[in-house]
$ cat entry-v9.txt   # compact mmCIF, C-alpha atoms (C1' of nucleotides)
# COMPACT_ATOMS: atom_id res chain seq x y z
CA MET Q 1 -7.50 38.98 3.43
CA ALA Q 2 -9.87 38.71 6.32
CA GLU Q 3 -10.60 35.04 5.73
CA ASN Q 4 -7.39 33.09 5.43
CA ARG Q 5 -8.82 29.83 6.74
CA THR Q 6 -11.69 27.78 5.45
CA THR Q 7 -13.69 25.48 7.65
CA LEU Q 8 -14.39 21.89 6.86
CA ASP Q 9 -17.72 21.63 8.61
CA GLY Q 10 -18.33 25.07 10.02
CA VAL Q 11 -16.44 24.26 13.18
CA THR Q 12 -13.06 22.71 12.49
CA PRO Q 13 -10.24 25.11 11.68
CA TRP Q 14 -8.61 23.90 8.48
CA LEU Q 15 -5.38 24.86 6.78
CA SER Q 16 -4.66 28.31 5.37
CA ALA Q 17 -5.21 28.73 1.64
CA ASP Q 18 -1.47 28.50 1.01
CA GLU Q 19 -1.14 25.41 3.12
CA GLN Q 20 -4.19 23.83 1.53
CA ARG Q 21 -2.73 24.22 -1.95
CA ALA Q 22 0.69 22.99 -0.87
CA TRP Q 23 -0.87 19.99 0.86
CA LEU Q 24 -2.90 18.96 -2.18
CA ALA Q 25 0.11 19.44 -4.44
CA TRP Q 26 2.33 17.35 -2.17
CA LEU Q 27 -0.32 14.64 -1.93
CA GLY Q 28 -0.81 14.51 -5.68
CA ALA Q 29 2.88 14.61 -6.50
CA THR Q 30 3.85 11.87 -4.05
CA GLU Q 31 1.02 9.56 -5.04
CA LEU Q 32 1.52 10.01 -8.78
CA LEU Q 33 5.30 9.76 -8.60
CA MET Q 34 5.39 6.69 -6.39
CA GLY Q 35 2.59 5.20 -8.44
CA SER Q 36 4.50 5.69 -11.65
CA LEU Q 37 7.69 4.20 -10.17
CA ASP Q 38 5.82 1.22 -8.80
CA ALA Q 39 4.09 0.69 -12.13
CA GLN Q 40 7.37 0.94 -14.07
CA LEU Q 41 9.12 -1.59 -11.82
CA GLN Q 42 6.14 -3.91 -11.65
CA ARG Q 43 5.92 -3.94 -15.42
CA ASP Q 44 9.64 -4.28 -16.18
CA ALA Q 45 10.87 -6.25 -13.17
CA GLY Q 46 7.80 -7.80 -11.56
CA PHE Q 47 8.33 -6.31 -8.11
CA PRO Q 48 7.43 -3.04 -6.37
CA HIS Q 49 9.65 -0.13 -5.48
CA ALA Q 50 9.98 -1.25 -1.85
CA TYR Q 51 11.74 -4.41 -3.04
CA TYR Q 52 14.03 -2.44 -5.30
CA ALA Q 53 15.04 -0.31 -2.33
CA ILE Q 54 15.91 -3.44 -0.35
CA LEU Q 55 18.06 -4.85 -3.14
CA ALA Q 56 19.75 -1.48 -3.70
CA GLN Q 57 20.62 -1.00 -0.04
CA LEU Q 58 22.03 -4.49 0.22
CA SER Q 59 24.14 -3.92 -2.88
CA HIS Q 60 25.80 -0.90 -1.25
CA ALA Q 61 26.54 -2.67 2.03
CA PRO Q 62 29.86 -4.32 2.86
CA GLU Q 63 29.71 -8.00 1.90
CA ARG Q 64 26.33 -7.10 0.39
CA THR Q 65 25.02 -7.97 3.84
CA LEU Q 66 22.99 -6.12 6.47
CA ARG Q 67 21.24 -6.98 9.70
CA MET Q 68 17.49 -7.13 9.30
CA SER Q 69 16.93 -4.27 11.72
CA ASP Q 70 19.51 -2.03 10.04
CA LEU Q 71 18.08 -2.83 6.64
CA ALA Q 72 14.59 -2.08 7.91
CA SER Q 73 15.63 1.35 9.13
CA VAL Q 74 17.40 2.39 5.93
CA VAL Q 75 14.43 1.45 3.76
CA ASN Q 76 11.84 2.88 6.18
CA ALA Q 77 10.16 -0.48 6.69
CA SER Q 78 8.71 -2.15 9.75
CA ALA Q 79 10.35 -5.34 10.96
CA SER Q 80 7.32 -7.31 9.85
CA ARG Q 81 7.17 -5.77 6.42
CA LEU Q 82 10.85 -6.44 5.87
CA SER Q 83 10.60 -10.01 7.10
CA HIS Q 84 7.79 -10.78 4.64
CA ALA Q 85 9.62 -9.02 1.83
CA ILE Q 86 12.91 -10.83 2.47
CA GLY Q 87 10.95 -14.07 2.46
CA LYS Q 88 9.68 -13.33 -1.05
CA LEU Q 89 13.10 -12.23 -2.27
CA GLU Q 90 14.58 -15.40 -0.79
CA ASP Q 91 11.99 -17.47 -2.69
CA ARG Q 92 13.22 -15.87 -5.90
CA GLY Q 93 16.84 -16.59 -5.02
CA TRP Q 94 17.92 -12.95 -4.81
CA VAL Q 95 18.66 -12.82 -1.09
CA THR Q 96 19.77 -15.32 1.54
CA ARG Q 97 19.33 -15.28 5.31
CA GLN Q 98 21.99 -16.38 7.79
CA GLN Q 99 22.32 -16.33 11.54
CA CYS Q 100 24.85 -13.99 13.08
CA ALA Q 101 27.56 -15.77 15.03
CA GLY Q 102 28.05 -13.09 17.68
CA ASP Q 103 24.38 -12.49 18.51
CA ARG Q 104 22.11 -15.37 17.68
CA ARG Q 105 18.98 -13.24 17.72
CA VAL Q 106 20.26 -11.39 14.70
CA THR Q 107 19.49 -12.38 11.11
CA LEU Q 108 21.73 -11.20 8.31
CA ALA Q 109 20.36 -10.69 4.83
CA THR Q 110 22.78 -11.05 1.92
CA LEU Q 111 22.28 -10.14 -1.73
CA THR Q 112 23.07 -13.08 -4.01
CA ASP Q 113 24.76 -12.81 -7.40
CA ALA Q 114 21.39 -13.43 -8.99
CA GLY Q 115 19.95 -10.60 -6.93
CA HIS Q 116 22.75 -8.30 -7.95
CA ALA Q 117 22.21 -9.23 -11.58
CA VAL Q 118 18.52 -8.37 -11.39
CA LEU Q 119 19.32 -5.06 -9.75
CA SER Q 120 21.85 -4.21 -12.46
CA GLU Q 121 19.33 -5.05 -15.14
CA GLN Q 122 16.62 -2.91 -13.62
CA ALA Q 123 18.69 0.04 -12.42
CA PRO Q 124 18.87 1.99 -15.69
CA GLY Q 125 15.13 1.92 -16.24
CA HIS Q 126 14.40 2.80 -12.66
CA VAL Q 127 16.90 5.66 -12.57
CA ALA Q 128 15.47 6.98 -15.80
CA ALA Q 129 12.00 6.93 -14.30
CA VAL Q 130 13.17 8.80 -11.19
CA ARG Q 131 14.95 11.37 -13.30
CA LYS Q 132 12.01 11.83 -15.62
CA GLY Q 133 9.44 12.01 -12.86
CA LEU Q 134 11.25 14.06 -10.25
CA PHE Q 135 14.34 15.84 -11.55
CA ASP Q 136 13.56 16.75 -15.13
CA PRO Q 137 10.71 19.10 -14.13
CA LEU Q 138 12.84 20.85 -11.48
CA SER Q 139 15.60 23.46 -11.64
CA ALA Q 140 18.90 22.83 -9.85
CA GLU Q 141 17.87 25.32 -7.22
CA GLN Q 142 14.59 23.58 -6.67
CA VAL Q 143 16.43 20.30 -6.16
CA THR Q 144 18.42 21.96 -3.40
CA GLN Q 145 15.29 23.46 -1.86
CA LEU Q 146 13.55 20.11 -2.05
CA GLU Q 147 16.36 18.43 -0.18
CA LEU Q 148 16.21 21.04 2.58
CA ILE Q 149 12.44 20.81 2.82
CA CYS Q 150 12.39 17.03 2.96
CA ASN Q 151 15.16 16.91 5.51
CA ALA Q 152 13.25 19.37 7.67
CA VAL Q 153 10.16 17.18 7.46
CA LEU Q 154 12.23 14.07 8.13
CA HIS Q 155 13.87 15.62 11.13
CA GLY Q 156 10.48 16.73 12.47
CA LEU Q 157 9.05 13.25 12.26
CA ASP Q 158 12.14 11.36 13.31
CA PRO Q 159 14.82 13.43 15.04
CA SER Q 160 17.21 10.51 14.71
CA ALA Q 161 17.15 10.74 10.92
CA ASP Q 162 20.55 11.91 9.72
CA CYS Q 163 19.87 15.11 7.84
CA SER Q 164 22.47 14.83 5.11
CA ARG Q 165 25.19 14.25 7.63
CA MET T 1 34.73 17.95 -8.64
CA ALA T 2 35.78 15.46 -11.23
CA GLU T 3 33.42 12.76 -10.02
CA ASN T 4 29.90 14.07 -9.69
CA ARG T 5 28.21 10.75 -10.38
CA THR T 6 28.53 7.48 -8.57
CA THR T 7 27.89 4.19 -10.30
CA LEU T 8 25.63 1.51 -8.99
CA ASP T 9 27.48 -1.42 -10.47
CA GLY T 10 30.40 0.09 -12.33
CA VAL T 11 28.36 0.53 -15.45
CA THR T 12 25.08 2.27 -14.80
CA PRO T 13 25.17 6.04 -14.52
CA TRP T 14 23.41 7.01 -11.33
CA LEU T 15 22.19 10.34 -10.01
CA SER T 16 24.49 13.23 -9.16
CA ALA T 17 25.39 13.61 -5.49
CA ASP T 18 22.89 16.44 -5.09
CA GLU T 19 20.16 14.45 -6.76
CA GLN T 20 21.00 11.36 -4.76
CA ARG T 21 20.61 13.24 -1.48
CA ALA T 22 17.41 14.95 -2.62
CA TRP T 23 15.98 11.61 -3.77
CA LEU T 24 16.70 9.87 -0.48
CA ALA T 25 15.30 12.80 1.47
CA TRP T 26 12.12 12.85 -0.62
CA LEU T 27 11.71 9.12 -0.26
CA GLY T 28 12.19 9.20 3.47
CA ALA T 29 9.97 12.22 4.01
CA THR T 30 7.08 10.91 1.92
CA GLU T 31 7.17 7.45 3.42
CA LEU T 32 7.46 8.63 7.00
CA LEU T 33 4.85 11.36 6.61
CA MET T 34 2.27 9.18 4.88
CA GLY T 35 3.08 6.40 7.31
CA SER T 36 2.46 8.63 10.28
CA LEU T 37 -0.81 9.94 8.84
CA ASP T 38 -2.02 6.45 8.04
CA ALA T 39 -1.08 5.29 11.54
CA GLN T 40 -2.84 8.23 13.18
CA LEU T 41 -6.05 7.68 11.24
CA GLN T 42 -5.95 3.92 11.60
CA ARG T 43 -5.55 4.30 15.34
CA ASP T 44 -8.13 7.04 15.89
CA ALA T 45 -10.64 6.31 13.15
CA GLY T 46 -10.00 2.75 11.97
CA PHE T 47 -9.44 3.59 8.32
CA PRO T 48 -6.48 4.66 6.17
CA HIS T 49 -5.74 8.06 4.71
CA ALA T 50 -7.07 7.09 1.28
CA TYR T 51 -10.52 6.63 2.80
CA TYR T 52 -10.31 9.96 4.58
CA ALA T 53 -9.55 11.63 1.26
CA ILE T 54 -12.66 10.06 -0.28
CA LEU T 55 -14.89 11.24 2.54
CA ALA T 56 -13.33 14.73 2.47
CA GLN T 57 -13.79 15.15 -1.28
CA LEU T 58 -17.40 14.02 -1.10
CA SER T 59 -18.07 16.47 1.74
CA HIS T 60 -16.96 19.37 -0.46
CA ALA T 61 -19.02 18.34 -3.47
CA PRO T 62 -22.47 19.74 -4.26
CA GLU T 63 -25.12 17.48 -2.72
CA ARG T 64 -22.17 15.66 -1.16
CA THR T 65 -22.26 13.61 -4.33
CA LEU T 66 -19.76 12.79 -7.08
CA ARG T 67 -19.55 10.43 -10.02
CA MET T 68 -17.25 7.51 -9.34
CA SER T 69 -14.89 8.51 -12.14
CA ASP T 70 -14.68 12.13 -11.00
CA LEU T 71 -14.11 11.05 -7.42
CA ALA T 72 -11.41 8.65 -8.55
CA SER T 73 -9.55 11.40 -10.34
CA VAL T 74 -9.64 13.89 -7.46
CA VAL T 75 -8.29 11.35 -4.99
CA ASN T 76 -5.72 9.90 -7.41
CA ALA T 77 -7.27 6.44 -7.28
CA SER T 78 -7.85 3.82 -9.97
CA ALA T 79 -11.44 2.91 -10.77
CA SER T 80 -10.94 -0.48 -9.17
CA ARG T 81 -9.40 0.88 -6.01
CA LEU T 82 -12.21 3.38 -5.62
CA SER T 83 -14.87 0.77 -6.24
CA HIS T 84 -13.48 -1.49 -3.52
CA ALA T 85 -13.08 1.44 -1.13
CA ILE T 86 -16.61 2.73 -1.70
CA GLY T 87 -17.85 -0.79 -1.07
CA LYS T 88 -16.21 -0.79 2.34
CA LEU T 89 -17.46 2.71 3.15
CA GLU T 90 -20.94 1.65 2.10
CA ASP T 91 -20.74 -1.34 4.44
CA ARG T 92 -20.04 1.06 7.29
CA GLY T 93 -22.96 3.27 6.30
CA TRP T 94 -20.88 6.33 5.45
CA VAL T 95 -21.54 6.44 1.71
CA THR T 96 -24.37 5.34 -0.56
CA ARG T 97 -24.38 4.47 -4.26
CA GLN T 98 -27.09 5.45 -6.71
CA GLN T 99 -27.57 5.15 -10.43
CA CYS T 100 -27.51 8.30 -12.50
CA ALA T 101 -30.78 8.97 -14.34
CA GLY T 102 -29.23 10.55 -17.43
CA ASP T 103 -26.52 7.96 -18.08
CA ARG T 104 -27.22 4.59 -16.57
CA ARG T 105 -23.59 3.53 -16.74
CA VAL T 106 -22.73 6.15 -14.17
CA THR T 107 -22.70 5.52 -10.44
CA LEU T 108 -23.01 8.40 -8.02
CA ALA T 109 -21.48 8.19 -4.57
CA THR T 110 -23.05 10.26 -1.80
CA LEU T 111 -21.74 10.98 1.68
CA THR T 112 -24.33 10.10 4.33
CA ASP T 113 -24.95 12.06 7.51
CA ALA T 114 -23.14 9.33 9.40
CA GLY T 115 -20.21 9.69 7.04
CA HIS T 116 -20.17 13.42 7.51
CA ALA T 117 -20.26 12.96 11.25
CA VAL T 118 -17.27 10.63 11.18
CA LEU T 119 -15.37 13.07 9.02
CA SER T 120 -16.12 15.94 11.38
CA GLU T 121 -14.96 13.85 14.31
CA GLN T 122 -11.70 12.90 12.69
CA ALA T 123 -10.84 16.13 10.92
CA PRO T 124 -9.23 17.97 13.85
CA GLY T 125 -6.86 15.14 14.66
CA HIS T 126 -5.98 14.60 11.04
CA VAL T 127 -5.38 18.28 10.36
CA ALA T 128 -3.23 18.48 13.45
CA ALA T 129 -1.16 15.55 12.21
CA VAL T 130 -0.71 17.17 8.78
CA ARG T 131 0.29 20.44 10.36
CA LYS T 132 2.67 18.81 12.78
CA GLY T 133 4.25 16.54 10.20
CA LEU T 134 4.48 18.85 7.21
CA PHE T 135 3.96 22.52 8.00
CA ASP T 136 5.42 23.01 11.46
CA PRO T 137 8.97 22.15 10.33
CA LEU T 138 8.76 24.49 7.31
CA SER T 139 9.02 28.25 6.91
CA ALA T 140 6.30 30.12 5.01
CA GLU T 141 8.69 30.52 2.12
CA GLN T 142 9.41 26.81 2.05
CA VAL T 143 5.69 26.10 1.91
CA THR T 144 5.49 28.26 -1.20
CA GLN T 145 8.53 26.57 -2.73
CA LEU T 146 7.09 23.17 -1.93
CA GLU T 147 3.88 24.00 -3.71
CA LEU T 148 5.78 25.12 -6.81
CA ILE T 149 8.00 22.03 -6.75
CA CYS T 150 5.12 19.62 -6.34
CA ASN T 151 3.07 21.30 -9.02
CA ALA T 152 6.04 21.04 -11.39
CA VAL T 153 6.33 17.33 -10.65
CA LEU T 154 2.59 16.89 -10.99
CA HIS T 155 2.52 18.67 -14.30
CA GLY T 156 5.43 16.58 -15.56
CA LEU T 157 3.68 13.33 -14.74
CA ASP T 158 0.20 14.37 -15.72
CA PRO T 159 -0.05 17.47 -17.94
CA SER T 160 -3.79 17.55 -17.34
CA ALA T 161 -3.32 18.18 -13.63
CA ASP T 162 -4.47 21.70 -12.83
CA CYS T 163 -1.43 23.39 -11.37
CA SER T 164 -3.14 25.64 -8.84
CA ARG T 165 -5.39 27.09 -11.49
C1' DC I 1 -31.48 -1.24 -37.30
C1' DT I 2 -27.56 -3.65 -35.94
C1' DA I 3 -22.59 -4.46 -35.43
C1' DT I 4 -18.76 -2.30 -33.47
C1' DC I 5 -16.25 0.44 -30.41
C1' DG I 6 -15.57 3.29 -26.37
C1' DT I 7 -16.88 4.54 -21.65
C1' DG I 8 -18.12 3.71 -16.63
C1' DG I 9 -17.88 0.61 -13.34
C1' DT I 10 -17.56 -3.98 -10.87
C1' DT I 11 -15.47 -8.32 -9.61
C1' DG I 12 -12.12 -11.90 -8.02
C1' DA I 13 -7.61 -13.38 -7.52
C1' DG I 14 -3.01 -12.43 -6.23
C1' DA I 15 0.42 -9.58 -3.94
C1' DG I 16 1.99 -6.39 -0.33
C1' DT I 17 1.33 -4.10 4.21
C1' DT I 18 -0.22 -3.77 8.92
C1' DC I 19 -1.24 -5.26 13.38
C1' DA I 20 -1.03 -8.18 17.24
C1' DA I 21 0.74 -12.15 19.10
C1' DC I 22 4.48 -14.79 19.67
C1' DC I 23 9.31 -16.94 20.28
C1' DA I 24 14.21 -16.92 21.24
C1' DA I 25 18.34 -14.80 22.68
C1' DA I 26 20.60 -11.20 25.30
C1' DT I 27 20.70 -7.98 29.12
C1' DC I 28 19.49 -6.11 33.52
C1' DG I 29 18.70 -6.25 38.63
C1' DC I 30 19.33 -8.23 42.82
C1' DG D 1 23.22 -17.31 39.15
C1' DC D 2 18.19 -16.44 38.09
C1' DG D 3 13.84 -14.24 37.13
C1' DA D 4 12.22 -10.09 34.61
C1' DT D 5 12.72 -7.10 30.90
C1' DT D 6 14.35 -5.75 26.47
C1' DT D 7 15.84 -6.61 21.83
C1' DG D 8 15.62 -8.94 17.19
C1' DG D 9 12.85 -11.28 14.37
C1' DT D 10 8.96 -14.26 12.61
C1' DT D 11 4.19 -15.58 11.83
C1' DG D 12 -0.81 -15.51 10.50
C1' DA D 13 -4.90 -13.02 9.84
C1' DA D 14 -7.17 -8.99 8.19
C1' DC D 15 -7.06 -5.37 5.09
C1' DT D 16 -5.78 -2.59 1.00
C1' DC D 17 -4.26 -2.27 -3.58
C1' DT D 18 -3.28 -3.87 -8.33
C1' DC D 19 -4.17 -6.25 -12.39
C1' DA D 20 -6.88 -8.51 -15.73
C1' DA D 21 -11.23 -9.97 -17.03
C1' DC D 22 -15.68 -8.79 -17.46
C1' DC D 23 -20.49 -6.61 -17.94
C1' DA D 24 -23.65 -2.96 -19.16
C1' DC D 25 -24.70 1.14 -21.35
C1' DG D 26 -23.99 4.69 -24.86
C1' DA D 27 -22.13 6.40 -29.18
C1' DT D 28 -20.78 5.61 -33.89
C1' DA D 29 -20.90 3.78 -38.57
C1' DG D 30 -22.65 1.37 -42.16

$ encode --input "entry-v9.txt" --output "structure tokens"
Amino acid sequence: MAENRTTLDGVTPWLSADEQRAWLAWLGATELLMGSLDAQLQRDAGFPHAYYAILAQLSHAPERTLRMSDLASVVNASASRLSHAIGKLEDRGWVTRQQCAGDRRVTLATLTDAGHAVLSEQAPGHVAAVRKGLFDPLSAEQVTQLELICNAVLHGLDPSADCSR
Amino acid sequence: MAENRTTLDGVTPWLSADEQRAWLAWLGATELLMGSLDAQLQRDAGFPHAYYAILAQLSHAPERTLRMSDLASVVNASASRLSHAIGKLEDRGWVTRQQCAGDRRVTLATLTDAGHAVLSEQAPGHVAAVRKGLFDPLSAEQVTQLELICNAVLHGLDPSADCSR
DNA sequence: CTATCGTGGTTGAGAGTTCAACCAAATCGC
DNA sequence: GCGATTTGGTTGAACTCTCAACCACGATAG
């Protein structure tokens, strides 16, 4: 009870025992879960989860089209990362780029029919993997708690993130 | 109340609304948090979080030494990933490799004094970033819930993972 | 003793991400 | 209007990670 904090090197204050355990659990869970999702998609579809997220967001957008910067923000990607990714997806014929008439700096990315078809093919397997990896081990209450926790973290890192609203 | 599930393409059953929100929150929180930690370490130390984890695990080990395979498992890395990473850390003089006398297939990785020094330098900033990004926005109770949730996920993906025991 | 199989680890190529530099179009200030 | 700044996006190089192939050593079986 007296010693609630360990020290990394005899000097640096580290996390409390509770925090330490939570941190390691979070780290392990995120890395294993994202790793398993990436592996599943890479094996079945030949592309990583980040690309799936791009296709999925485009499929929900009006006209299946989004501005690059808007798309980047909804998939948590940098402009550069998205630009490279859209280039690859364009090479495969799943997305097209077009200039925006109103503002000629803007590039619009549009999901093609081929892209939508690939997404539809891969969605069931991906959803099953998410369910199996994240939701099956959790109670309904834990799902609710998880949402609150993640939104709190999100809001702390990026106050502009819309916390479920 | 009647429609608790959306459909991605009119055919595929998707997650419930609660699950959908929790999934997006988890995705956003993990990507932003890991992104911010990687950015902080890259800026201050010149290496990514995965390398920090390697150095930290070695610093806690007896003789500051671990077998490659054991080290790989504690940092959730593949053998290949760890081998490449240790190569880089060796180049910078922070880790050394040695053969194991008993089993000559085994490679032992040891943290050097220089490596320990770098870790000690970077630890305060890294811990501060973890605290700021993950623990500051959460209540003590949420930290406990998070640990339980992550251990449940961990155990679901890898039954051999020691859930806080 | 030797052939086979399993384990521990390395290597090189290919793919994705990051960072910094850069370009073009729009907006601001005077 | 016109230069300066900001915004939106692209590019190339460096770096990390993944995958498959591979090598060496140890264990196992005949």

$ residues_near_point --input "entry-v9.txt" --point "(-18.9, -4.0, -11.3)" --cutoff "9 Å" --atoms "only C-alpha atoms (C1' of nucleotides)" --output "JSON, numbers by chain"
{"T": [80, 83], "I": [9, 10, 11], "D": [22, 23]}

$ write_last_selection --input "entry-v9.txt" --atoms "C-alpha atoms (C1' of nucleotides)" --output "mmCIF file, in the frame of the given file"
data_model
loop_
_atom_site.group_PDB
_atom_site.id
_atom_site.type_symbol
_atom_site.label_atom_id
_atom_site.label_comp_id
_atom_site.auth_asym_id
_atom_site.auth_seq_id
_atom_site.Cartn_x
_atom_site.Cartn_y
_atom_site.Cartn_z
ATOM 1 C CA SER T 80 -10.940 -0.480 -9.170
ATOM 2 C CA SER T 83 -14.870 0.770 -6.240
ATOM 3 C "C1'" DG I 9 -17.880 0.610 -13.340
ATOM 4 C "C1'" DT I 10 -17.560 -3.980 -10.870
ATOM 5 C "C1'" DT I 11 -15.470 -8.320 -9.610
ATOM 6 C "C1'" DC D 22 -15.680 -8.790 -17.460
ATOM 7 C "C1'" DC D 23 -20.490 -6.610 -17.940
#

$ atom_distance --input "entry-v9.txt" --atom1 "atom CA of Phe135 of chain Q" --atom2 "atom CA of Glu19 of chain T"
7.7 Å

$ residues_around --input "entry-v9.txt" --residues "DG8 of chain I" --least-positions-apart "3" --cutoff "12 Å" --atoms "all atoms listed in the file" --output "list in words"
Arg67, Met68, Ser69, Asp70, Ala72, Ala79, Ser80, Ser83, Gln99, Cys100, Asp103, Arg104, Arg105, Val106, Thr107 and Leu108 of chain T; DC23, DA24, DC25 and DG26 of chain D

$ write_last_selection --input "entry-v9.txt" --atoms "C-alpha atoms (C1' of nucleotides)" --output "short mmCIF file (atom, residue, chain, number, x, y, z; two decimals), in the coordinates of the input"
data_model
loop_
_atom_site.label_atom_id
_atom_site.label_comp_id
_atom_site.auth_asym_id
_atom_site.auth_seq_id
_atom_site.Cartn_x
_atom_site.Cartn_y
_atom_site.Cartn_z
CA ARG T 67 -19.55 10.43 -10.02
CA MET T 68 -17.25 7.51 -9.34
CA SER T 69 -14.89 8.51 -12.14
CA ASP T 70 -14.68 12.13 -11.00
CA ALA T 72 -11.41 8.65 -8.55
CA ALA T 79 -11.44 2.91 -10.77
CA SER T 80 -10.94 -0.48 -9.17
CA SER T 83 -14.87 0.77 -6.24
CA GLN T 99 -27.57 5.15 -10.43
CA CYS T 100 -27.51 8.30 -12.50
CA ASP T 103 -26.52 7.96 -18.08
CA ARG T 104 -27.22 4.59 -16.57
CA ARG T 105 -23.59 3.53 -16.74
CA VAL T 106 -22.73 6.15 -14.17
CA THR T 107 -22.70 5.52 -10.44
CA LEU T 108 -23.01 8.40 -8.02
"C1'" DC D 23 -20.49 -6.61 -17.94
"C1'" DA D 24 -23.65 -2.96 -19.16
"C1'" DC D 25 -24.70 1.14 -21.35
"C1'" DG D 26 -23.99 4.69 -24.86
#

$ atom_distance --input "entry-v9.txt" --atom1 "atom CA of Gln122 of chain Q" --atom2 "atom CA of Val95 of chain Q"
16.1 Å

$ residues_around --input "entry-v9.txt" --residues "DA15 of chain I" --least-positions-apart "2" --cutoff "12 Å" --atoms "all atoms listed in the file" --output "compact mmCIF listing (two decimals) with C-alpha atoms (C1' of nucleotides), in the coordinates of the input"
# COMPACT_ATOMS: atom_id res chain seq x y z
CA GLN Q 42 6.14 -3.91 -11.65
CA GLY Q 46 7.80 -7.80 -11.56
CA PHE Q 47 8.33 -6.31 -8.11
CA PRO Q 48 7.43 -3.04 -6.37
CA HIS Q 84 7.79 -10.78 4.64
CA ALA Q 85 9.62 -9.02 1.83
CA LYS Q 88 9.68 -13.33 -1.05
C1' DA I 13 -7.61 -13.38 -7.52
C1' DT I 17 1.33 -4.10 4.21
C1' DT D 16 -5.78 -2.59 1.00
C1' DC D 17 -4.26 -2.27 -3.58
C1' DT D 18 -3.28 -3.87 -8.33
C1' DC D 19 -4.17 -6.25 -12.39

$ atom_distance --input "entry-v9.txt" --atom1 "atom CA of Ala39 of chain Q" --atom2 "atom CA of Gln20 of chain Q"
28.1 Å

$ build_atoms --input "entry-v9.txt" --residues "segment 119-131 of chain Q" --atoms "N, CA and C atoms" --output "PDB file, keeping the file's coordinate frame"
ATOM      1  N   LEU Q 119      19.218  -6.485 -10.065  1.00  0.00           N
ATOM      2  CA  LEU Q 119      19.320  -5.060  -9.750  1.00  0.00           C
ATOM      3  C   LEU Q 119      20.030  -4.312 -10.886  1.00  0.00           C
ATOM      4  N   SER Q 120      21.111  -4.865 -11.378  1.00  0.00           N
ATOM      5  CA  SER Q 120      21.850  -4.210 -12.460  1.00  0.00           C
ATOM      6  C   SER Q 120      21.010  -4.084 -13.719  1.00  0.00           C
ATOM      7  N   GLU Q 121      20.221  -5.108 -13.972  1.00  0.00           N
ATOM      8  CA  GLU Q 121      19.330  -5.050 -15.140  1.00  0.00           C
ATOM      9  C   GLU Q 121      18.311  -3.932 -15.014  1.00  0.00           C
ATOM     10  N   GLN Q 122      17.755  -3.811 -13.794  1.00  0.00           N
ATOM     11  CA  GLN Q 122      16.620  -2.910 -13.620  1.00  0.00           C
ATOM     12  C   GLN Q 122      17.044  -1.481 -13.313  1.00  0.00           C
ATOM     13  N   ALA Q 123      18.274  -1.287 -12.864  1.00  0.00           N
ATOM     14  CA  ALA Q 123      18.690   0.040 -12.420  1.00  0.00           C
ATOM     15  C   ALA Q 123      18.519   1.129 -13.481  1.00  0.00           C
ATOM     16  N   PRO Q 124      18.969   0.894 -14.717  1.00  0.00           N
ATOM     17  CA  PRO Q 124      18.870   1.990 -15.690  1.00  0.00           C
ATOM     18  C   PRO Q 124      17.440   2.480 -15.890  1.00  0.00           C
ATOM     19  N   GLY Q 125      16.527   1.537 -16.042  1.00  0.00           N
ATOM     20  CA  GLY Q 125      15.130   1.920 -16.240  1.00  0.00           C
ATOM     21  C   GLY Q 125      14.560   2.651 -15.042  1.00  0.00           C
ATOM     22  N   HIS Q 126      14.911   2.166 -13.873  1.00  0.00           N
ATOM     23  CA  HIS Q 126      14.400   2.800 -12.660  1.00  0.00           C
ATOM     24  C   HIS Q 126      14.965   4.217 -12.506  1.00  0.00           C
ATOM     25  N   VAL Q 127      16.270   4.345 -12.688  1.00  0.00           N
ATOM     26  CA  VAL Q 127      16.900   5.660 -12.570  1.00  0.00           C
ATOM     27  C   VAL Q 127      16.292   6.622 -13.588  1.00  0.00           C
ATOM     28  N   ALA Q 128      16.073   6.128 -14.771  1.00  0.00           N
ATOM     29  CA  ALA Q 128      15.470   6.980 -15.800  1.00  0.00           C
ATOM     30  C   ALA Q 128      14.095   7.455 -15.362  1.00  0.00           C
ATOM     31  N   ALA Q 129      13.341   6.562 -14.738  1.00  0.00           N
ATOM     32  CA  ALA Q 129      12.000   6.930 -14.300  1.00  0.00           C
ATOM     33  C   ALA Q 129      12.059   7.979 -13.185  1.00  0.00           C
ATOM     34  N   VAL Q 130      13.011   7.815 -12.265  1.00  0.00           N
ATOM     35  CA  VAL Q 130      13.170   8.800 -11.190  1.00  0.00           C
ATOM     36  C   VAL Q 130      13.546  10.156 -11.774  1.00  0.00           C
ATOM     37  N   ARG Q 131      14.492  10.129 -12.690  1.00  0.00           N
ATOM     38  CA  ARG Q 131      14.950  11.370 -13.300  1.00  0.00           C
ATOM     39  C   ARG Q 131      13.802  12.049 -14.049  1.00  0.00           C
TER      40      ARG Q 131
END
